[in-house]
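> This is the content of entry.cif (mmCIF, C-alpha atoms and all ligand atoms):
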```cif
data_model
#
loop_
_atom_site.label_atom_id
_atom_site.label_comp_id
_atom_site.auth_asym_id
_atom_site.auth_seq_id
_atom_site.Cartn_x
_atom_site.Cartn_y
_atom_site.Cartn_z
CA MET A 1 30.91 -5.73 -10.83
CA ILE A 2 27.99 -7.44 -12.61
CA MET A 3 25.69 -6.29 -9.82
CA ILE A 4 26.84 -2.67 -10.05
CA ASN A 5 26.38 -2.75 -13.82
CA LEU A 6 22.86 -4.11 -13.40
CA ILE A 7 21.93 -1.40 -10.92
CA ASP A 8 23.42 1.24 -13.23
CA LYS A 9 21.40 -0.15 -16.11
CA LEU A 10 18.23 -0.22 -14.01
CA SER A 11 18.78 3.36 -12.98
CA ARG A 12 19.55 4.50 -16.56
CA GLU A 13 16.83 2.60 -18.41
CA ASN A 14 14.27 2.12 -15.61
CA ASN A 15 13.99 -1.46 -16.70
CA LEU A 16 15.65 -4.86 -16.61
CA THR A 17 14.86 -8.21 -18.18
CA ARG A 18 13.27 -11.05 -16.25
CA ASP A 19 16.62 -12.82 -15.91
CA GLU A 20 18.42 -9.67 -14.83
CA LEU A 21 15.84 -8.95 -12.13
CA HIS A 22 16.14 -12.50 -10.91
CA PHE A 23 19.92 -12.29 -10.79
CA LEU A 24 19.85 -8.94 -9.01
CA ILE A 25 17.53 -10.19 -6.27
CA GLU A 26 19.19 -13.56 -5.87
CA ASN A 27 22.71 -12.15 -5.52
CA ARG A 28 21.96 -9.11 -3.40
CA THR A 29 24.39 -8.22 -0.61
CA LYS A 30 24.61 -5.46 1.97
CA GLU A 31 26.99 -3.53 -0.29
CA THR A 32 24.92 -3.83 -3.46
CA ALA A 33 21.83 -2.87 -1.49
CA GLU A 34 23.56 0.34 -0.35
CA TYR A 35 24.44 1.16 -3.96
CA LEU A 36 20.86 0.45 -5.05
CA PHE A 37 19.44 2.72 -2.32
CA GLU A 38 21.77 5.51 -3.34
CA LYS A 39 20.49 5.32 -6.92
CA ALA A 40 16.90 5.03 -5.71
CA ARG A 41 17.28 8.12 -3.51
CA GLN A 42 18.72 10.07 -6.44
CA ALA A 43 15.68 9.15 -8.53
CA ARG A 44 13.19 10.06 -5.81
CA ILE A 45 14.96 13.37 -5.06
CA GLN A 46 14.96 14.25 -8.75
CA ASN A 47 11.19 13.72 -8.89
CA TYR A 48 9.97 14.68 -5.42
CA GLY A 49 12.86 16.36 -3.63
CA TYR A 50 12.96 15.60 0.10
CA ASP A 51 9.17 15.80 0.45
CA VAL A 52 7.29 13.00 2.15
CA TYR A 53 3.54 12.97 1.57
CA MET A 54 1.15 11.83 4.24
CA ARG A 55 -2.17 10.04 3.87
CA GLY A 56 -4.67 9.77 6.67
CA LEU A 57 -5.83 6.17 6.85
CA ILE A 58 -9.40 5.68 8.04
CA GLU A 59 -10.11 2.00 8.64
CA PHE A 60 -13.86 2.23 8.53
CA THR A 61 -14.95 -1.42 8.66
CA ASN A 62 -13.37 -4.74 9.54
CA TYR A 63 -16.28 -6.81 8.27
CA CYS A 64 -15.21 -8.81 5.23
CA LYS A 65 -16.91 -11.33 3.01
CA ASN A 66 -13.59 -12.73 1.81
CA ASP A 67 -11.44 -15.37 3.41
CA CYS A 68 -7.88 -14.55 2.30
CA TYR A 69 -5.60 -16.96 4.16
CA TYR A 70 -3.16 -14.27 5.31
CA CYS A 71 -5.56 -11.65 6.60
CA GLY A 72 -6.60 -11.16 10.23
CA ILE A 73 -10.03 -9.75 9.34
CA ARG A 74 -10.95 -12.69 7.08
CA LYS A 75 -14.54 -13.85 7.28
CA SER A 76 -13.71 -17.07 9.16
CA ASN A 77 -11.88 -15.37 12.00
CA ARG A 78 -14.41 -15.75 14.81
CA ASN A 79 -12.10 -13.91 17.21
CA ALA A 80 -12.21 -10.67 15.26
CA ASP A 81 -14.31 -8.09 17.08
CA ARG A 82 -16.22 -6.55 14.19
CA TYR A 83 -17.05 -2.85 13.84
CA ARG A 84 -18.33 -0.33 11.33
CA LEU A 85 -17.91 3.43 11.44
CA THR A 86 -20.89 5.67 10.73
CA LYS A 87 -20.72 8.46 8.21
CA GLU A 88 -20.51 10.90 11.11
CA GLN A 89 -17.58 9.05 12.66
CA ILE A 90 -15.76 9.02 9.32
CA LEU A 91 -16.37 12.76 8.89
CA HIS A 92 -15.04 13.34 12.39
CA CYS A 93 -11.83 11.50 11.45
CA CYS A 94 -11.49 13.79 8.42
CA ALA A 95 -12.03 16.89 10.58
CA VAL A 96 -9.31 15.81 13.01
CA GLY A 97 -7.05 14.90 10.09
CA TYR A 98 -7.57 18.17 8.26
CA GLU A 99 -6.52 20.13 11.36
CA LEU A 100 -3.38 18.02 11.52
CA GLY A 101 -2.47 18.87 7.92
CA PHE A 102 -3.77 15.84 6.07
CA ARG A 103 -4.89 16.57 2.52
CA THR A 104 -5.55 12.97 1.51
CA PHE A 105 -8.02 10.66 3.22
CA VAL A 106 -7.82 6.95 2.55
CA LEU A 107 -10.97 4.99 3.31
CA GLN A 108 -9.96 1.39 3.74
CA GLY A 109 -11.95 -1.60 4.82
CA GLY A 110 -12.81 -5.22 4.35
CA GLU A 111 -15.25 -6.08 1.57
CA ASP A 112 -18.34 -5.18 3.53
CA GLY A 113 -21.68 -5.40 1.73
CA TYR A 114 -23.27 -3.14 4.34
CA TYR A 115 -21.68 -0.19 2.53
CA ARG A 116 -23.70 -0.35 -0.67
CA ASP A 117 -22.55 1.72 -3.64
CA ASP A 118 -24.91 4.58 -2.82
CA ILE A 119 -23.65 4.70 0.78
CA ILE A 120 -20.00 4.87 -0.29
CA ALA A 121 -20.81 7.48 -2.94
CA ASP A 122 -22.66 9.58 -0.37
CA ILE A 123 -19.76 9.43 2.11
CA VAL A 124 -17.26 10.32 -0.63
CA SER A 125 -19.27 13.25 -1.95
CA THR A 126 -19.82 14.66 1.54
CA ILE A 127 -16.10 14.53 2.31
CA LYS A 128 -15.39 16.14 -1.06
CA THR A 129 -17.90 18.93 -0.39
CA ASN A 130 -16.48 19.60 3.08
CA TYR A 131 -12.84 19.40 1.97
CA PRO A 132 -12.61 20.35 -1.71
CA ASP A 133 -8.83 20.74 -1.44
CA CYS A 134 -8.36 17.13 -0.36
CA ALA A 135 -7.97 13.93 -2.32
CA ILE A 136 -10.07 10.89 -1.43
CA THR A 137 -8.60 7.44 -1.87
CA LEU A 138 -10.68 4.29 -1.66
CA SER A 139 -9.33 0.88 -0.71
CA ILE A 140 -12.37 -1.34 -0.43
CA GLY A 141 -11.49 -4.26 -2.66
CA GLU A 142 -13.10 -5.62 -5.80
CA ARG A 143 -16.27 -4.03 -7.14
CA SER A 144 -17.85 -3.70 -10.57
CA TYR A 145 -16.82 -1.20 -13.24
CA GLU A 146 -20.08 0.67 -12.65
CA SER A 147 -19.48 0.91 -8.91
CA TYR A 148 -15.97 2.24 -9.41
CA LYS A 149 -17.33 4.76 -11.90
CA LEU A 150 -19.99 5.93 -9.46
CA PHE A 151 -17.40 6.47 -6.71
CA PHE A 152 -15.18 8.37 -9.15
CA GLU A 153 -18.03 10.63 -10.13
CA ALA A 154 -18.77 11.20 -6.46
CA GLY A 155 -15.25 12.56 -6.04
CA ALA A 156 -12.89 9.66 -5.29
CA GLU A 157 -9.75 10.16 -7.36
CA ARG A 158 -7.48 7.40 -6.17
CA TYR A 159 -7.84 3.70 -5.49
CA LEU A 160 -5.55 1.23 -3.76
CA LEU A 161 -5.94 -2.41 -4.73
CA ARG A 162 -2.86 -4.53 -4.25
CA HIS A 163 -2.68 -7.30 -6.81
CA GLU A 164 -1.15 -9.41 -3.95
CA THR A 165 0.84 -11.66 -6.32
CA ALA A 166 1.09 -11.73 -10.11
CA ASN A 167 1.72 -15.48 -10.19
CA LEU A 168 -1.42 -17.57 -10.80
CA GLU A 169 -0.35 -20.58 -8.78
CA HIS A 170 0.85 -18.40 -5.91
CA TYR A 171 -2.43 -16.46 -5.98
CA SER A 172 -4.34 -19.71 -5.47
CA LYS A 173 -2.21 -20.54 -2.43
CA LEU A 174 -3.04 -17.24 -0.74
CA HIS A 175 -6.75 -17.08 -1.57
CA PRO A 176 -9.80 -19.34 -1.62
CA SER A 177 -10.94 -20.46 -5.08
CA ASN A 178 -13.75 -17.90 -5.41
CA LEU A 179 -11.13 -15.16 -5.74
CA SER A 180 -9.07 -14.90 -8.92
CA LEU A 181 -6.02 -13.02 -10.08
CA GLU A 182 -7.82 -12.44 -13.35
CA ASN A 183 -10.61 -10.50 -11.68
CA ARG A 184 -8.20 -8.62 -9.43
CA LYS A 185 -6.23 -7.46 -12.47
CA GLN A 186 -9.41 -6.62 -14.37
CA CYS A 187 -10.42 -4.36 -11.48
CA LEU A 188 -7.05 -2.60 -11.71
CA TYR A 189 -7.45 -2.04 -15.45
CA ASN A 190 -11.02 -0.81 -14.94
CA LEU A 191 -9.94 1.67 -12.28
CA LYS A 192 -7.26 3.05 -14.56
CA GLU A 193 -9.61 3.35 -17.51
CA ILE A 194 -12.11 5.28 -15.41
CA GLY A 195 -9.38 7.78 -14.57
CA TYR A 196 -8.30 6.95 -11.03
CA GLN A 197 -4.74 7.26 -9.82
CA VAL A 198 -4.27 3.59 -9.06
CA GLY A 199 -2.07 1.70 -6.62
CA CYS A 200 -1.19 -1.97 -6.86
CA GLY A 201 1.33 -3.95 -4.82
CA PHE A 202 2.11 -7.11 -2.93
CA MET A 203 3.34 -8.56 0.34
CA VAL A 204 7.01 -9.40 0.65
CA GLY A 205 7.74 -12.87 2.00
CA SER A 206 4.17 -14.16 1.89
CA PRO A 207 3.98 -17.94 2.24
CA PHE A 208 5.04 -19.86 -0.90
CA GLN A 209 6.50 -16.74 -2.54
CA THR A 210 9.64 -17.45 -4.60
CA ILE A 211 12.04 -15.09 -6.34
CA ASP A 212 10.25 -16.01 -9.58
CA CYS A 213 6.99 -14.77 -8.05
CA ILE A 214 8.63 -11.50 -7.05
CA VAL A 215 10.07 -11.03 -10.53
CA GLU A 216 6.59 -11.55 -11.96
CA ASP A 217 5.27 -8.92 -9.55
CA LEU A 218 7.92 -6.46 -10.69
CA LEU A 219 7.26 -7.14 -14.38
CA PHE A 220 3.53 -6.70 -13.83
CA ILE A 221 4.12 -3.43 -12.00
CA LYS A 222 6.35 -2.18 -14.82
CA GLU A 223 3.78 -3.14 -17.43
CA PHE A 224 0.76 -1.78 -15.57
CA ARG A 225 2.45 1.49 -14.65
CA PRO A 226 0.47 2.27 -11.49
CA HIS A 227 0.70 5.72 -9.92
CA MET A 228 1.30 4.14 -6.52
CA VAL A 229 2.96 0.91 -5.40
CA GLY A 230 2.32 -0.47 -1.93
CA ILE A 231 4.59 -3.21 -0.67
CA GLY A 232 5.21 -4.35 2.87
CA PRO A 233 6.33 -7.48 4.64
CA PHE A 234 3.87 -10.29 5.21
CA ILE A 235 3.33 -10.66 8.95
CA PRO A 236 1.47 -13.71 10.29
CA HIS A 237 -1.76 -13.33 12.23
CA LYS A 238 -2.46 -15.84 14.97
CA ASP A 239 -6.05 -16.55 13.95
CA THR A 240 -5.39 -17.34 10.29
CA PRO A 241 -4.26 -20.46 8.41
CA PHE A 242 -0.85 -18.79 8.08
CA GLU A 243 -0.27 -18.63 11.82
CA GLY A 244 3.32 -19.62 12.53
CA LYS A 245 4.59 -18.86 9.02
CA PRO A 246 7.67 -16.66 9.01
CA ALA A 247 7.28 -12.93 8.38
CA GLY A 248 8.84 -11.22 5.38
CA THR A 249 12.17 -9.53 6.09
CA LEU A 250 13.13 -5.90 6.39
CA GLU A 251 16.15 -6.52 4.21
CA LEU A 252 14.25 -7.92 1.20
CA THR A 253 11.45 -5.37 1.52
CA LEU A 254 13.94 -2.50 1.42
CA PHE A 255 15.76 -4.00 -1.55
CA LEU A 256 12.48 -4.28 -3.47
CA LEU A 257 11.49 -0.71 -2.56
CA GLY A 258 14.77 0.40 -4.16
CA ILE A 259 14.11 -1.60 -7.33
CA ILE A 260 10.54 -0.31 -7.64
CA ARG A 261 11.68 3.31 -7.26
CA LEU A 262 14.03 2.77 -10.21
CA LEU A 263 11.48 0.87 -12.32
CA LEU A 264 8.93 3.69 -11.85
CA PRO A 265 10.92 6.75 -10.73
CA GLY A 266 7.88 9.05 -10.62
CA SER A 267 5.63 6.78 -8.59
CA LEU A 268 4.31 7.24 -5.08
CA ILE A 269 5.61 4.54 -2.77
CA PRO A 270 4.59 4.29 0.89
CA ALA A 271 6.83 3.19 3.72
CA THR A 272 4.09 1.01 5.19
CA THR A 273 2.90 0.37 8.71
CA ALA A 274 3.86 -3.30 8.27
CA LEU A 275 7.43 -2.18 7.61
CA GLY A 276 7.31 -0.11 10.80
CA THR A 277 5.97 -3.16 12.62
CA ILE A 278 8.86 -5.54 11.82
CA HIS A 279 11.57 -2.99 12.67
CA PRO A 280 11.48 0.06 14.98
CA ARG A 281 12.96 2.25 12.23
CA GLY A 282 11.41 0.36 9.33
CA ARG A 283 9.59 3.34 7.85
CA GLU A 284 12.63 5.61 8.01
CA LEU A 285 14.71 2.92 6.34
CA GLY A 286 11.96 2.56 3.74
CA ILE A 287 12.21 6.25 2.90
CA LEU A 288 15.98 5.96 2.65
CA ALA A 289 15.47 3.07 0.20
CA GLY A 290 13.24 5.16 -2.09
CA ALA A 291 9.77 5.44 -0.53
CA ASN A 292 8.09 8.88 -0.39
CA VAL A 293 4.73 8.42 1.35
CA VAL A 294 3.59 7.58 4.88
CA MET A 295 0.09 6.57 5.88
CA PRO A 296 -0.55 7.21 9.57
CA ASN A 297 -3.75 6.08 11.13
CA LEU A 298 -6.71 8.43 11.56
CA SER A 299 -9.14 5.80 12.79
CA PRO A 300 -10.82 6.47 16.15
CA ALA A 301 -8.65 5.13 19.00
CA ASP A 302 -11.32 2.69 20.20
CA VAL A 303 -11.43 0.69 16.94
CA ARG A 304 -7.75 0.64 16.08
CA LYS A 305 -6.98 -2.62 17.82
CA LYS A 306 -9.82 -4.23 15.92
CA TYR A 307 -8.38 -3.58 12.45
CA MET A 308 -5.70 -6.22 12.97
CA LEU A 309 -4.60 -7.49 9.59
CA TYR A 310 -1.53 -9.03 11.25
CA ASP A 311 -0.11 -9.47 14.76
CA ASN A 312 1.59 -6.67 16.74
CA LYS A 313 0.53 -3.83 14.43
CA ILE A 314 2.06 -0.56 15.65
CA CYS A 315 0.34 2.66 16.71
CA THR A 316 -2.92 0.97 17.71
CA GLY A 317 -2.87 2.73 21.08
CA ASP A 318 -2.14 6.23 19.83
CA GLU A 319 -4.25 9.23 18.94
CA ALA A 320 -4.03 10.65 15.42
CA ALA A 321 -2.12 13.71 16.61
CA GLU A 322 0.50 11.57 18.35
CA CYS A 323 1.05 9.52 15.18
CA ARG A 324 1.39 12.64 13.09
CA MET A 325 3.97 14.22 15.42
CA CYS A 326 5.91 11.00 15.90
CA LEU A 327 6.19 10.50 12.15
CA GLN A 328 7.25 14.09 11.62
CA ARG A 329 10.10 13.62 14.10
CA ARG A 330 11.16 10.38 12.46
CA ILE A 331 11.17 11.89 8.99
CA GLU A 332 13.05 15.00 10.02
CA SER A 333 15.62 12.82 11.79
CA ILE A 334 16.70 11.45 8.40
CA GLY A 335 16.74 14.82 6.62
CA TYR A 336 13.35 14.67 4.88
CA ARG A 337 10.21 16.73 5.52
CA LEU A 338 6.56 15.88 5.97
CA VAL A 339 4.53 18.24 3.77
CA VAL A 340 0.97 19.52 3.88
CA SER A 341 -0.12 18.68 0.34
CA ARG A 342 -2.42 16.42 -1.65
CA GLY A 343 0.77 14.85 -2.93
CA ASP A 344 -0.43 13.87 -6.38
CA CYS A 345 1.62 11.66 -8.63
CA LYS A 346 3.73 13.95 -10.78
CA TYR A 347 4.75 11.62 -13.55
CA ILE A 348 3.57 8.36 -14.98
N1 LIG A 401 -10.19 -5.18 1.39
C1 LIG A 401 -9.24 -4.29 0.76
C2 LIG A 401 -8.17 -3.84 1.73
C3 LIG A 401 -7.29 -4.96 2.19
S1 LIG A 401 -6.22 -4.60 3.56
C4 LIG A 401 -8.66 -4.95 -0.46
O1 LIG A 401 -9.04 -6.09 -0.74
O2 LIG A 401 -7.89 -4.35 -1.16
C5 LIG A 401 -4.83 -3.90 2.72
C6 LIG A 401 -3.66 -4.81 2.46
O3 LIG A 401 -3.11 -5.33 3.66
C7 LIG A 401 -3.92 -6.03 1.64
O4 LIG A 401 -4.00 -5.72 0.28
C8 LIG A 401 -2.74 -6.94 1.97
O5 LIG A 401 -1.71 -6.84 0.99
C9 LIG A 401 -2.25 -6.39 3.31
N2 LIG A 401 -2.29 -7.46 4.33
C10 LIG A 401 -3.34 -8.24 4.68
N3 LIG A 401 -2.96 -9.17 5.59
C11 LIG A 401 -1.65 -8.97 5.82
C12 LIG A 401 -0.66 -9.61 6.63
N4 LIG A 401 -0.97 -10.68 7.38
N5 LIG A 401 0.61 -9.13 6.62
C13 LIG A 401 0.92 -8.07 5.87
N6 LIG A 401 0.06 -7.43 5.07
C14 LIG A 401 -1.22 -7.87 5.03
#
```
Now that the file is in, can you turn its structure into structure tokens?

Amino acid sequence: MIMINLIDKLSRENNLTRDELHFLIENRTKETAEYLFEKARQARIQNYGYDVYMRGLIEFTNYCKNDCYYCGIRKSNRNADRYRLTKEQILHCCAVGYELGFRTFVLQGGEDGYYRDDIIADIVSTIKTNYPDCAITLSIGERSYESYKLFFEAGAERYLLRHETANLEHYSKLHPSNLSLENRKQCLYNLKEIGYQVGCGFMVGSPFQTIDCIVEDLLFIKEFRPHMVGIGPFIPHKDTPFEGKPAGTLELTLFLLGIIRLLLPGSLIPATTALGTIHPRGRELGILAGANVVMPNLSPADVRKKYMLYDNKICTGDEAAECRMCLQRRIESIGYRLVVSRGDCKYI
């Protein structure tokens, strides 16, 4: 009964206290999860109907100057086969994607100094000129306020930068000491001030994560009010210090997707590739728990296996068109529809 009351309160007020969130997560069961998902679906249907937005993910570089302990493309991974896409290759991905109905292109990569600010700005403005009806999302890590502003003026309207964990001590266990939560958060605030639609988020079940950490993540998300929230299970990569650590679970990830939908009912929440990697129907279940975005891969087939953030990543052998059609089938199988649209955030 207490659990049902908490979920009702969350769905009515779009908020809970720290202690209530902790209690809700700690005492979750299969039955309470079903009730939560029902409420989360109601909220998403009220805001976005049965539409699922798609984003074409272009993984344009796996060079990275950072050494995050969880990530397969970290600087110290000597086994990573490094690549960079040229401007022409990126534009080709967009052309293929546009034909397939994509109206958002997400340029994601490691923090690669090769792509100086002027190079990124030039790529962004060319895409924008060629596809004025499309949104461009950047996900290239931490840069200065001025850099972010330059990219925005070049035509990038959205930016994905997961905060990774809102707990200071936890942050220091996932990252080397040259990276700080303070700077990560400052980047998020800068992006918002400049006018981007901003996405933050975290990994579920990353090493050393406790329920307290997760509650802090949720409170930070509520306070920051991002337009987009990306969460997915942590999955170990064999060539990282976290090799052998257990992956995050489907069950907890889905439960948190439901909570986030109710905390920010108008937000855009992807059912991530990582979720599809730990369970064959992970992304469908994510949508049924409250997610409303999918991000299939548009990267050229020959580099896909090289952008390995974690082991066993799905779809690395497919062509963009196959991914698009496969996702459409999956989404229609649960009564939702993949739409051709920029899919902007409607409410914040
Ligand atoms: N360099 C960019 C993009 C990072 S990759 C940036 O700093 O934002 C995108 C996301 O993948 C990361 O934010 C992280 O949350 C996630 N990720 C990295 N390694 C992972 C792993 N082993 N398991 C699951 N997710 C991972």
> Would you pick out the contacts of Leu254 in chain A at 12 Å or less, using only C-alpha atoms, so that residues sharing its chain but fewer than 2 positions from it are not included, and give the list as JSON, numbers by chain?
{"A": [25, 28, 30, 33, 34, 36, 37, 40, 204, 231, 232, 233, 248, 249, 250, 251, 252, 256, 257, 258, 259, 260, 261, 269, 270, 271, 272, 275, 276, 278, 279, 281, 282, 283, 284, 285, 286, 287, 288, 289, 290, 291]}
> What does the distance from CA of Arg184 in chain A to CA of Glu59 in chain A come to in Å, to one decimal?
21.0 Å
> Mind checking which residues fall within 10 Å of Leu91 in chain A, counting all atoms listed in the file, ignoring those fewer than 2 positions away in the same chain, and posting them as a list in words?
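The residues that qualify are Ile58, Leu85, Thr86, Lys87, Glu88, Gln89, Cys93, Cys94, Ala95, Val96, Gly97, Ile123, Val124, Thr126, Ile127 and Asn130 of chain A.
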> Mind giving me the straight-line distance from CA of Lys306 in chain A to CA of Pro207 in chain A in Å, one decimal?
23.8 Å
> Identify, on the basis of all atoms listed in the file, every residue whose closest approach to Asp118 in chain A does not exceed 9 Å; exclude the query and any residue fewer than 6 positions from it along the same chain; express the result as an MDAnalysis selection string.
chainID A and resid 147 150:151
> Taking all atoms listed in the file into account, report as JSON, numbers by chain which residues have an atom no farther than 9 Å from an atom of ligand LIG 401 (chain A).
{"A": [62, 64, 66, 68, 69, 70, 71, 72, 73, 74, 108, 109, 110, 111, 112, 139, 140, 141, 142, 160, 161, 162, 163, 164, 200, 201, 202, 203, 204, 206, 230, 231, 232, 233, 234, 235, 236, 237, 240, 242, 247, 248, 274, 275, 308, 309, 310, 311]}
> Kindly save the residues from that selection, with C-alpha atoms included, as an mmCIF file, in the frame of the given file.

```
data_model
loop_
_atom_site.group_PDB
_atom_site.id
_atom_site.type_symbol
_atom_site.label_atom_id
_atom_site.label_comp_id
_atom_site.auth_asym_id
_atom_site.auth_seq_id
_atom_site.Cartn_x
_atom_site.Cartn_y
_atom_site.Cartn_z
ATOM 1 C CA ASN A 62 -13.370 -4.740 9.540
ATOM 2 C CA CYS A 64 -15.210 -8.810 5.230
ATOM 3 C CA ASN A 66 -13.590 -12.730 1.810
ATOM 4 C CA CYS A 68 -7.880 -14.550 2.300
ATOM 5 C CA TYR A 69 -5.600 -16.960 4.160
ATOM 6 C CA TYR A 70 -3.160 -14.270 5.310
ATOM 7 C CA CYS A 71 -5.560 -11.650 6.600
ATOM 8 C CA GLY A 72 -6.600 -11.160 10.230
ATOM 9 C CA ILE A 73 -10.030 -9.750 9.340
ATOM 10 C CA ARG A 74 -10.950 -12.690 7.080
ATOM 11 C CA GLN A 108 -9.960 1.390 3.740
ATOM 12 C CA GLY A 109 -11.950 -1.600 4.820
ATOM 13 C CA GLY A 110 -12.810 -5.220 4.350
ATOM 14 C CA GLU A 111 -15.250 -6.080 1.570
ATOM 15 C CA ASP A 112 -18.340 -5.180 3.530
ATOM 16 C CA SER A 139 -9.330 0.880 -0.710
ATOM 17 C CA ILE A 140 -12.370 -1.340 -0.430
ATOM 18 C CA GLY A 141 -11.490 -4.260 -2.660
ATOM 19 C CA GLU A 142 -13.100 -5.620 -5.800
ATOM 20 C CA LEU A 160 -5.550 1.230 -3.760
ATOM 21 C CA LEU A 161 -5.940 -2.410 -4.730
ATOM 22 C CA ARG A 162 -2.860 -4.530 -4.250
ATOM 23 C CA HIS A 163 -2.680 -7.300 -6.810
ATOM 24 C CA GLU A 164 -1.150 -9.410 -3.950
ATOM 25 C CA CYS A 200 -1.190 -1.970 -6.860
ATOM 26 C CA GLY A 201 1.330 -3.950 -4.820
ATOM 27 C CA PHE A 202 2.110 -7.110 -2.930
ATOM 28 C CA MET A 203 3.340 -8.560 0.340
ATOM 29 C CA VAL A 204 7.010 -9.400 0.650
ATOM 30 C CA SER A 206 4.170 -14.160 1.890
ATOM 31 C CA GLY A 230 2.320 -0.470 -1.930
ATOM 32 C CA ILE A 231 4.590 -3.210 -0.670
ATOM 33 C CA GLY A 232 5.210 -4.350 2.870
ATOM 34 C CA PRO A 233 6.330 -7.480 4.640
ATOM 35 C CA PHE A 234 3.870 -10.290 5.210
ATOM 36 C CA ILE A 235 3.330 -10.660 8.950
ATOM 37 C CA PRO A 236 1.470 -13.710 10.290
ATOM 38 C CA HIS A 237 -1.760 -13.330 12.230
ATOM 39 C CA THR A 240 -5.390 -17.340 10.290
ATOM 40 C CA PHE A 242 -0.850 -18.790 8.080
ATOM 41 C CA ALA A 247 7.280 -12.930 8.380
ATOM 42 C CA GLY A 248 8.840 -11.220 5.380
ATOM 43 C CA ALA A 274 3.860 -3.300 8.270
ATOM 44 C CA LEU A 275 7.430 -2.180 7.610
ATOM 45 C CA MET A 308 -5.700 -6.220 12.970
ATOM 46 C CA LEU A 309 -4.600 -7.490 9.590
ATOM 47 C CA TYR A 310 -1.530 -9.030 11.250
ATOM 48 C CA ASP A 311 -0.110 -9.470 14.760
#
```
> Kindly give the distance, in Å, that separates CA of Lys9 in chain A and CA of Lys346 in chain A, rounded to a single decimal.
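Distance reported for this atom pair: 23.2 Å.
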> Take every atom of range 267-275 of chain A listed in the file, pad by 3 Å on each side, and give me the axis-aligned box centre and edge lengths in Å, one decimal, as AutoDock Vina command-line options.

```
--center_x 5.2 --center_y 2.0 --center_z 0.1 --size_x 10.5 --size_y 16.5 --size_z 23.3
```
> Residues at most 7 Å from range 208-221 of chain A, counting all atoms listed in the file, excluding those fewer than 3 positions away in the same chain, as an MDAnalysis selection string?
chainID A and resid 18 21:22 165:167 170 205 224:226
> Looking at A:Ser180, A:Asn312, A:Asn77, A:Gln197, which one is nearest to Pro241 in chain A, with distances taken over all atoms listed in the file?
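Closest residue, counting all atoms listed in the file: A:Asn77.
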> Restricting the calculation to only C-alpha atoms: of A:Ala320, A:Ala154, A:Leu263, A:Cys134, which residue gets closest to Asp117 in chain A?
A:Ala154
> If you count all atoms listed in the file, which residues fall within 9 Å of Cys345 in chain A, apart from same-chain ones fewer than 3 positions away, as an NGL selection string?
:A and (197 or 227-228 or 266-268 or 348)
> Considering all atoms listed in the file, can you say which of A:Ile334, A:Asp81, A:Leu100, A:Pro265 comes closest to Glu319 in chain A?
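Closest to Glu319 in chain A, using all atoms listed in the file: A:Leu100.
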> Of the residues A:Gly56, A:Arg342, A:Tyr63, A:Lys222, which is the one nearest to Cys323 in chain A, using only C-alpha atoms?
A:Gly56
> Hey, which of A:Leu262, A:Asn15, A:Ala301, A:Lys75 ends up closest to Gln42 in chain A? Count all atoms listed in the file.
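Closest to Gln42 in chain A of all the choices is A:Leu262.
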> Which residue, A:Glu322, A:Glu169, A:Glu157, A:Glu223, has the smallest gap to Asp344 in chain A when you use only C-alpha atoms?
A:Glu157
